[in-house]
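target_11.cif follows; it contains mmCIF, C-alpha atoms.
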```cif
data_target
#
loop_
_atom_site.label_atom_id
_atom_site.label_comp_id
_atom_site.auth_asym_id
_atom_site.auth_seq_id
_atom_site.Cartn_x
_atom_site.Cartn_y
_atom_site.Cartn_z
CA MET A 1 21.90 1.86 -1.67
CA ILE A 2 18.69 3.25 -0.19
CA ARG A 3 18.26 5.51 -3.20
CA SER A 4 18.80 2.51 -5.48
CA ALA A 5 16.19 0.51 -3.54
CA ARG A 6 13.67 3.35 -3.81
CA ARG A 7 14.20 3.80 -7.54
CA ARG A 8 13.86 0.08 -8.21
CA ALA A 9 10.68 -0.17 -6.14
CA GLU A 10 9.20 2.86 -7.87
CA ALA A 11 10.05 1.47 -11.31
CA ILE A 12 8.14 -1.73 -10.51
CA PHE A 13 5.13 -0.47 -8.55
CA ASN A 14 4.62 3.01 -9.99
CA GLN A 15 4.13 2.39 -13.68
CA PRO A 16 1.90 5.11 -15.18
CA GLY A 17 -0.35 3.14 -17.48
CA ALA A 18 -2.46 4.60 -20.20
CA GLY A 19 -5.47 4.71 -17.90
CA ARG A 20 -3.91 6.76 -15.10
CA VAL A 21 -5.25 10.29 -14.69
CA ALA A 22 -2.70 12.86 -13.52
CA ASP A 23 -4.55 15.46 -11.45
CA ARG A 24 -2.24 17.73 -9.47
CA LEU A 25 -5.05 19.10 -7.33
CA VAL A 26 -6.01 15.58 -6.23
CA THR A 27 -2.38 14.81 -5.42
CA ARG A 28 -2.06 17.96 -3.32
CA VAL A 29 -5.28 17.22 -1.44
CA GLN A 30 -4.16 13.65 -0.78
CA LEU A 31 -0.83 14.89 0.55
CA GLY A 32 -2.53 17.51 2.70
CA ARG A 33 -4.94 14.93 4.11
CA ALA A 34 -2.04 12.61 4.93
CA ILE A 35 -0.14 15.38 6.74
CA VAL A 36 -3.18 16.51 8.73
CA GLY A 37 -4.06 12.91 9.55
CA ALA A 38 -0.55 12.12 10.76
CA ALA A 39 -0.45 15.29 12.86
CA ALA A 40 -3.85 14.51 14.41
CA SER A 41 -2.78 10.95 15.22
CA LEU A 42 0.44 12.15 16.86
CA LEU A 43 -1.48 14.75 18.84
CA LEU A 44 -3.95 12.15 20.13
CA ILE A 45 -1.14 9.79 21.08
CA TYR A 46 0.81 12.60 22.75
CA THR A 47 -2.29 13.68 24.72
CA TYR A 48 -3.71 10.30 25.73
CA GLY A 49 -0.75 7.96 25.29
CA ALA A 50 -0.46 4.50 23.74
CA ASP A 51 -0.07 1.02 25.19
CA ASP A 52 3.58 0.54 24.17
CA GLY A 53 4.59 4.19 23.89
CA TRP A 54 6.21 5.67 20.81
CA SER A 55 8.04 2.41 20.01
CA GLY A 56 4.68 0.69 19.76
CA VAL A 57 3.46 3.43 17.42
CA ALA A 58 6.51 2.90 15.19
CA ASN A 59 6.01 -0.87 15.19
CA ASP A 60 2.35 -0.42 14.35
CA GLY A 61 3.32 1.76 11.39
CA VAL A 62 5.70 -0.90 10.06
CA VAL A 63 3.06 -3.61 10.49
CA LYS A 64 0.50 -1.56 8.57
CA LEU A 65 3.05 -0.82 5.85
CA ILE A 66 3.53 -4.56 5.23
CA LEU A 67 -0.11 -5.46 5.89
CA ALA A 68 -1.55 -3.03 3.33
CA PRO A 69 -0.10 -4.76 0.22
CA LEU A 70 -1.00 -8.18 1.63
CA LEU A 71 -4.61 -7.11 2.11
CA LEU A 72 -4.64 -5.82 -1.46
CA ILE A 73 -3.30 -9.15 -2.70
CA PHE A 74 -5.99 -11.15 -0.90
CA THR A 75 -9.04 -8.88 -1.16
CA GLY A 76 -8.11 -6.72 -4.14
CA PRO A 77 -8.99 -9.42 -6.71
CA LEU A 78 -12.57 -9.45 -5.43
CA VAL A 79 -12.82 -5.70 -5.95
CA VAL A 80 -11.23 -5.90 -9.40
CA LEU A 81 -13.49 -8.75 -10.49
CA GLY A 82 -16.56 -6.91 -9.19
CA PHE A 83 -15.37 -3.78 -10.98
CA ILE A 84 -14.99 -5.66 -14.27
CA ARG A 85 -18.33 -7.38 -13.76
CA TYR A 86 -20.02 -4.01 -13.22
CA ALA A 87 -18.55 -2.58 -16.43
CA PRO A 88 -20.59 -2.82 -19.65
CA ALA A 89 -20.26 -6.17 -21.42
CA PRO A 90 -18.27 -4.81 -24.40
CA GLN A 91 -15.63 -3.38 -22.03
CA ARG A 92 -15.08 -6.46 -19.91
CA ARG A 93 -12.78 -8.21 -22.35
CA VAL A 94 -10.70 -5.03 -22.70
CA LEU A 95 -10.39 -4.63 -18.92
CA ARG A 96 -9.40 -8.27 -18.46
CA SER A 97 -6.72 -7.90 -21.11
CA ARG A 98 -5.11 -5.13 -19.04
CA LEU A 99 -4.55 -7.27 -15.94
CA ARG A 100 -1.03 -8.26 -16.95
CA GLU A 101 0.81 -5.35 -15.32
CA PRO A 102 -1.03 -5.59 -11.96
CA LEU A 103 -0.41 -9.35 -11.87
CA LYS A 104 3.28 -8.77 -12.61
CA ALA A 105 3.46 -6.27 -9.74
CA VAL A 106 1.82 -8.77 -7.38
CA GLY A 107 4.30 -11.42 -8.50
CA TRP A 108 7.17 -9.05 -7.83
CA TYR A 109 5.93 -8.27 -4.33
CA VAL A 110 5.43 -11.91 -3.40
CA GLY A 111 8.89 -12.63 -4.76
CA ILE A 112 10.38 -9.85 -2.63
CA LEU A 113 8.79 -11.27 0.53
CA VAL A 114 9.99 -14.78 -0.31
CA GLY A 115 13.47 -13.48 -1.13
CA VAL A 116 13.84 -11.63 2.19
CA GLY A 117 12.56 -14.70 4.05
CA LEU A 118 14.99 -17.02 2.27
CA VAL A 119 17.95 -14.72 2.96
CA LEU A 120 17.11 -14.57 6.67
CA ALA A 121 16.35 -18.28 7.00
CA GLY A 122 19.40 -19.38 4.97
CA SER A 123 21.73 -17.15 6.94
CA ALA A 124 20.34 -18.43 10.24
CA VAL A 125 20.91 -22.04 9.15
CA LEU A 126 24.48 -21.32 8.05
CA LEU A 127 25.32 -19.49 11.26
CA LYS A 128 23.96 -22.34 13.39
CA GLN A 129 26.28 -24.81 11.65
CA ASN A 130 29.28 -22.98 13.14
CA TYR A 131 31.70 -23.48 10.24
CA GLY A 132 34.23 -21.28 11.98
CA THR A 133 34.80 -17.66 12.81
CA LEU A 134 35.86 -16.71 9.29
CA VAL A 135 32.91 -18.35 7.52
CA ASN A 136 30.40 -17.12 10.06
CA GLY A 137 31.87 -13.63 9.81
CA LEU A 138 31.58 -13.67 6.01
CA VAL A 139 27.99 -14.91 6.22
CA ALA A 140 27.12 -12.17 8.71
CA LEU A 141 28.78 -9.57 6.51
CA GLY A 142 26.96 -10.83 3.40
CA LEU A 143 23.67 -10.82 5.33
CA LEU A 144 24.27 -7.26 6.51
CA ILE A 145 25.12 -6.02 3.01
CA GLY A 146 22.10 -7.80 1.53
CA LEU A 147 19.67 -6.49 4.13
CA VAL A 148 20.95 -2.93 3.81
CA TRP A 149 19.42 -3.03 0.32
CA LEU A 150 16.64 -5.60 0.70
CA LEU A 151 14.87 -4.15 3.74
CA PRO A 152 14.58 -0.59 2.35
CA PHE A 153 13.52 -2.13 -0.96
CA LEU A 154 10.77 -4.05 0.84
CA MET A 155 9.61 -0.91 2.67
CA PHE A 156 9.55 1.20 -0.50
CA ALA A 157 7.89 -1.62 -2.45
CA SER A 158 5.17 -1.88 0.21
CA ALA A 159 4.57 1.87 0.15
CA TYR A 160 4.40 2.12 -3.65
CA ALA A 161 2.32 -1.06 -3.99
CA ALA A 162 -0.25 0.31 -1.54
CA ARG A 163 -0.15 3.85 -2.96
CA TYR A 164 -0.73 2.77 -6.56
CA ALA A 165 -2.70 -0.41 -5.80
CA PHE A 166 -0.34 -2.66 -7.77
CA ASN A 167 -0.61 -0.57 -10.94
CA THR A 168 -4.33 -1.24 -11.29
CA SER A 169 -4.76 2.10 -13.07
CA ASN A 170 -3.52 0.14 -16.08
CA VAL A 171 -6.87 -1.67 -15.94
CA HIS A 172 -9.03 1.39 -15.22
CA ALA A 173 -8.22 4.84 -13.88
CA ALA A 174 -10.84 4.58 -11.12
CA LEU A 175 -9.62 1.28 -9.68
CA PRO A 176 -6.89 2.64 -7.34
CA ALA A 177 -9.37 5.00 -5.67
CA ALA A 178 -11.92 2.20 -5.25
CA LEU A 179 -9.28 -0.15 -3.83
CA THR A 180 -8.03 2.57 -1.48
CA VAL A 181 -11.48 2.90 0.08
CA VAL A 182 -11.70 -0.86 0.70
CA LEU A 183 -8.12 -1.02 2.00
CA VAL A 184 -8.41 1.83 4.49
CA TRP A 185 -11.46 0.28 6.17
CA GLU A 186 -9.78 -3.12 6.30
CA LEU A 187 -6.72 -1.57 7.94
CA MET A 188 -8.96 0.12 10.50
CA LEU A 189 -10.60 -3.20 11.44
CA PHE A 190 -7.25 -4.99 11.64
CA SER A 191 -5.79 -2.18 13.75
CA VAL A 192 -8.60 -2.38 16.29
CA ALA A 193 -8.35 -6.18 16.34
CA LEU A 194 -4.56 -6.23 16.76
CA GLU A 195 -4.62 -3.58 19.49
CA GLY A 196 -7.36 -5.47 21.33
CA GLY A 197 -9.82 -2.62 21.46
CA MET A 198 -10.16 1.12 21.18
CA PRO A 199 -7.20 3.49 21.68
CA HIS A 200 -6.69 5.57 24.82
CA GLY A 201 -8.72 8.67 25.60
CA PRO A 202 -12.34 9.72 26.05
CA PRO A 203 -14.97 8.23 23.72
CA ALA A 204 -14.95 11.21 21.34
CA ALA A 205 -11.16 10.98 20.93
CA GLN A 206 -11.34 7.21 20.52
CA TRP A 207 -13.85 7.41 17.69
CA CYS A 208 -11.92 10.22 16.03
CA ALA A 209 -8.75 8.13 16.18
CA VAL A 210 -10.47 5.04 14.75
CA LEU A 211 -12.75 6.62 12.14
CA GLY A 212 -10.92 9.81 11.24
CA GLY A 213 -8.54 8.13 8.81
CA PRO A 214 -11.02 5.88 6.97
CA VAL A 215 -13.70 8.58 6.70
CA SER A 216 -11.31 11.24 5.41
CA VAL A 217 -9.63 8.88 2.94
CA THR A 218 -13.03 7.72 1.68
CA ALA A 219 -14.18 11.34 1.24
CA VAL A 220 -11.06 12.24 -0.76
CA ALA A 221 -11.37 9.08 -2.88
CA LEU A 222 -15.03 9.79 -3.68
CA TRP A 223 -14.11 13.37 -4.58
CA GLU A 224 -11.32 12.04 -6.80
CA LEU A 225 -13.80 9.76 -8.61
CA HIS A 226 -16.14 12.74 -9.02
CA ARG A 227 -13.34 14.81 -10.58
CA MET A 228 -12.45 11.93 -12.88
CA ARG A 229 -16.02 11.80 -14.11
CA THR A 230 -16.63 15.55 -14.42
CA ARG A 231 -13.17 16.84 -15.42
CA HIS A 232 -11.60 13.92 -17.26
CA GLY A 233 -14.60 11.98 -18.58
CA VAL A 234 -13.62 8.78 -16.77
CA ARG A 235 -16.62 6.61 -15.94
CA ILE A 236 -16.94 3.05 -14.73
CA ARG A 237 -19.87 2.50 -17.07
CA GLN A 238 -19.26 4.36 -20.32
#
```
Give the structure from the file, written as structure tokens.
Amino acid sequence: MIRSARRRAEAIFNQPGAGRVADRLVTRVQLGRAIVGAAASLLLIYTYGADDGWSGVANDGVVKLILAPLLLIFTGPLVVLGFIRYAPAPQRRVLRSRLREPLKAVGWYVGILVGVGLVLAGSAVLLKQNYGTLVNGLVALGLLIGLVWLLPFLMFASAYAARYAFNTSNVHAALPAALTVVLVWELMLFSVALEGGMPHGPPAAQWCAVLGGPVSVTAVALWELHRMRTRHGVRIRQ
């Protein structure tokens, strides 16, 4: 069921449009940056600790996984509209005509969140009515079976939606990289706000923990845009 959830989420949120540029070197560098970043974060937490221990770290990861697509939904349109506005006038109509797939992906994600919420709320209401042991047992079993698929689907959908920026490469190949830069700085600000301040450790470690991720992701994204322009001829303003 988990494999089915992953495949369905990937089919919806990882649609390689005509504008996507496949660059294996960029993919390898992104993966390497992610591994090094995760290792550095774990090392800092292991050395200086965290407010709620490792369980708090896990919860923070889940929160960021859900928060990332939501931030893209609310702030992404501003980036996309600015991107289209910056493009040459003859290209704007073409770019606007390619918004269908990203909008469908956003609709799917909102529908997934609503669906999970309705399943949980409906099951809670039914269980509170106390229709009897048999009915309550069947409801609990149905809820368990549904969530075994729905919750992994939501997690995979969140990861793919954030990774591919709701299929915005269908609009322009450079959009996912631009959205990633905006998203990573938003997540940094939300993380500091939710945690109520800087992480544990001396000032140098604190600033590395807070800025290391956004700065490194921004550097890789800018390098990716440079490679698009120099190796693949992809420019925002043709």
Checklist entry - When the PyMOL selection byres ((chain A and resi 192-209) around 12) is applied to the file above, which residues end up in the set, as a PyMOL selection string? => result chain A and resi 37-53+56-57+59-60+63-64+67+185-191+210-216
Residues just named, written with C-alpha atoms as a short mmCIF file (atom, residue, chain, number, x, y, z; two decimals), keeping the file's coordinate frame:
```cif
data_model
loop_
_atom_site.label_atom_id
_atom_site.label_comp_id
_atom_site.auth_asym_id
_atom_site.auth_seq_id
_atom_site.Cartn_x
_atom_site.Cartn_y
_atom_site.Cartn_z
CA GLY A 37 -4.06 12.91 9.55
CA ALA A 38 -0.55 12.12 10.76
CA ALA A 39 -0.45 15.29 12.86
CA ALA A 40 -3.85 14.51 14.41
CA SER A 41 -2.78 10.95 15.22
CA LEU A 42 0.44 12.15 16.86
CA LEU A 43 -1.48 14.75 18.84
CA LEU A 44 -3.95 12.15 20.13
CA ILE A 45 -1.14 9.79 21.08
CA TYR A 46 0.81 12.60 22.75
CA THR A 47 -2.29 13.68 24.72
CA TYR A 48 -3.71 10.30 25.73
CA GLY A 49 -0.75 7.96 25.29
CA ALA A 50 -0.46 4.50 23.74
CA ASP A 51 -0.07 1.02 25.19
CA ASP A 52 3.58 0.54 24.17
CA GLY A 53 4.59 4.19 23.89
CA GLY A 56 4.68 0.69 19.76
CA VAL A 57 3.46 3.43 17.42
CA ASN A 59 6.01 -0.87 15.19
CA ASP A 60 2.35 -0.42 14.35
CA VAL A 63 3.06 -3.61 10.49
CA LYS A 64 0.50 -1.56 8.57
CA LEU A 67 -0.11 -5.46 5.89
CA TRP A 185 -11.46 0.28 6.17
CA GLU A 186 -9.78 -3.12 6.30
CA LEU A 187 -6.72 -1.57 7.94
CA MET A 188 -8.96 0.12 10.50
CA LEU A 189 -10.60 -3.20 11.44
CA PHE A 190 -7.25 -4.99 11.64
CA SER A 191 -5.79 -2.18 13.75
CA VAL A 210 -10.47 5.04 14.75
CA LEU A 211 -12.75 6.62 12.14
CA GLY A 212 -10.92 9.81 11.24
CA GLY A 213 -8.54 8.13 8.81
CA PRO A 214 -11.02 5.88 6.97
CA VAL A 215 -13.70 8.58 6.70
CA SER A 216 -11.31 11.24 5.41
#
```
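What the PyMOL selection byres ((chain A and resi 224) around 10) picks from this file is Asp23, Leu25, Val26, Thr27, Val29, Gln30, Ala174, Ala177, Ala178, Thr218, Ala219, Val220, Ala221, Leu222, Trp223, Leu225, His226, Arg227, Met228, Arg229 and Thr230 of chain A.
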Checklist entry - Contacts of Val125 of chain A at 12 Å or less, counting only C-alpha atoms, minus same-chain residues fewer than 6 places along, as a PyMOL selection string? => result chain A and resi 118-119+131+136+139-140
Checklist entry - Expressed in Å to a single decimal, how great is the separation between atom CA of Trp149 of chain A and atom CA of Gly117 of chain A? => result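 Separation of atom CA of Trp149 of chain A and atom CA of Gly117 of chain A: 14.0 Å.
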Checklist entry - Do you have the atom CA of Ala165 of chain A-atom CA of Phe153 of chain A distance handy? => result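 Pair atom CA of Ala165 of chain A / atom CA of Phe153 of chain A returns 17.0 Å.
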Checklist entry - Which of these, A:Ala159, A:Ser169, A:His232, A:Thr180, has the shortest distance to Glu10 of chain A once you count all atoms listed in the file? => result A:Ala159
Checklist entry - What does the distance between atom CA of Val181 of chain A and atom CA of Ala162 of chain A come to in Å, to one decimal place? => result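 Between atom CA of Val181 of chain A and atom CA of Ala162 of chain A the gap is 11.6 Å.
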Next on the checklist: Set the distance at 12 Å and use only C-alpha atoms: which residues neighbour Tyr160 of chain A once local chain neighbours fewer than 4 positions away are removed? I'd like the list as a list of chain:residue names.
Outcome noted: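 Here the answer would be A:Ala5, A:Arg6, A:Arg7, A:Arg8, A:Ala9, A:Glu10, A:Ala11, A:Ile12, A:Phe13, A:Asn14, A:Gln15, A:Leu65, A:Ile66, A:Ala68, A:Pro69, A:Ala105, A:Val106, A:Tyr109, A:Phe153, A:Leu154, A:Met155, A:Phe156, A:Tyr164, A:Ala165, A:Phe166, A:Asn167, A:Pro176.
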Checklist entry - Looking at A:Val116, A:Leu144, A:Val80, A:Ile236, which one is nearest to Leu179 of chain A, with distances taken over all atoms listed in the file? => result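 Checking each candidate against Leu179 of chain A, we get A:Val80 as the closest.
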Next on the checklist: Quick one: residues within 8 Å of Arg98 of chain A, all atoms listed in the file, excluding same-chain residues fewer than 4 positions away - as a list in words?
Outcome noted: Val94, Asn170 and Val171 of chain A
Next on the checklist: For a quick check of understanding, using all atoms listed in the file, which of A:Val234, A:Val182, A:Ala22, A:Ala161 has the smallest distance to Gly76 of chain A?
Outcome noted: A:Val182
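If all atoms listed in the file are the atoms counted, then among A:Leu151, A:Val217, A:Ala173, A:Ile2 the closest residue to Arg33 of chain A is A:Val217.
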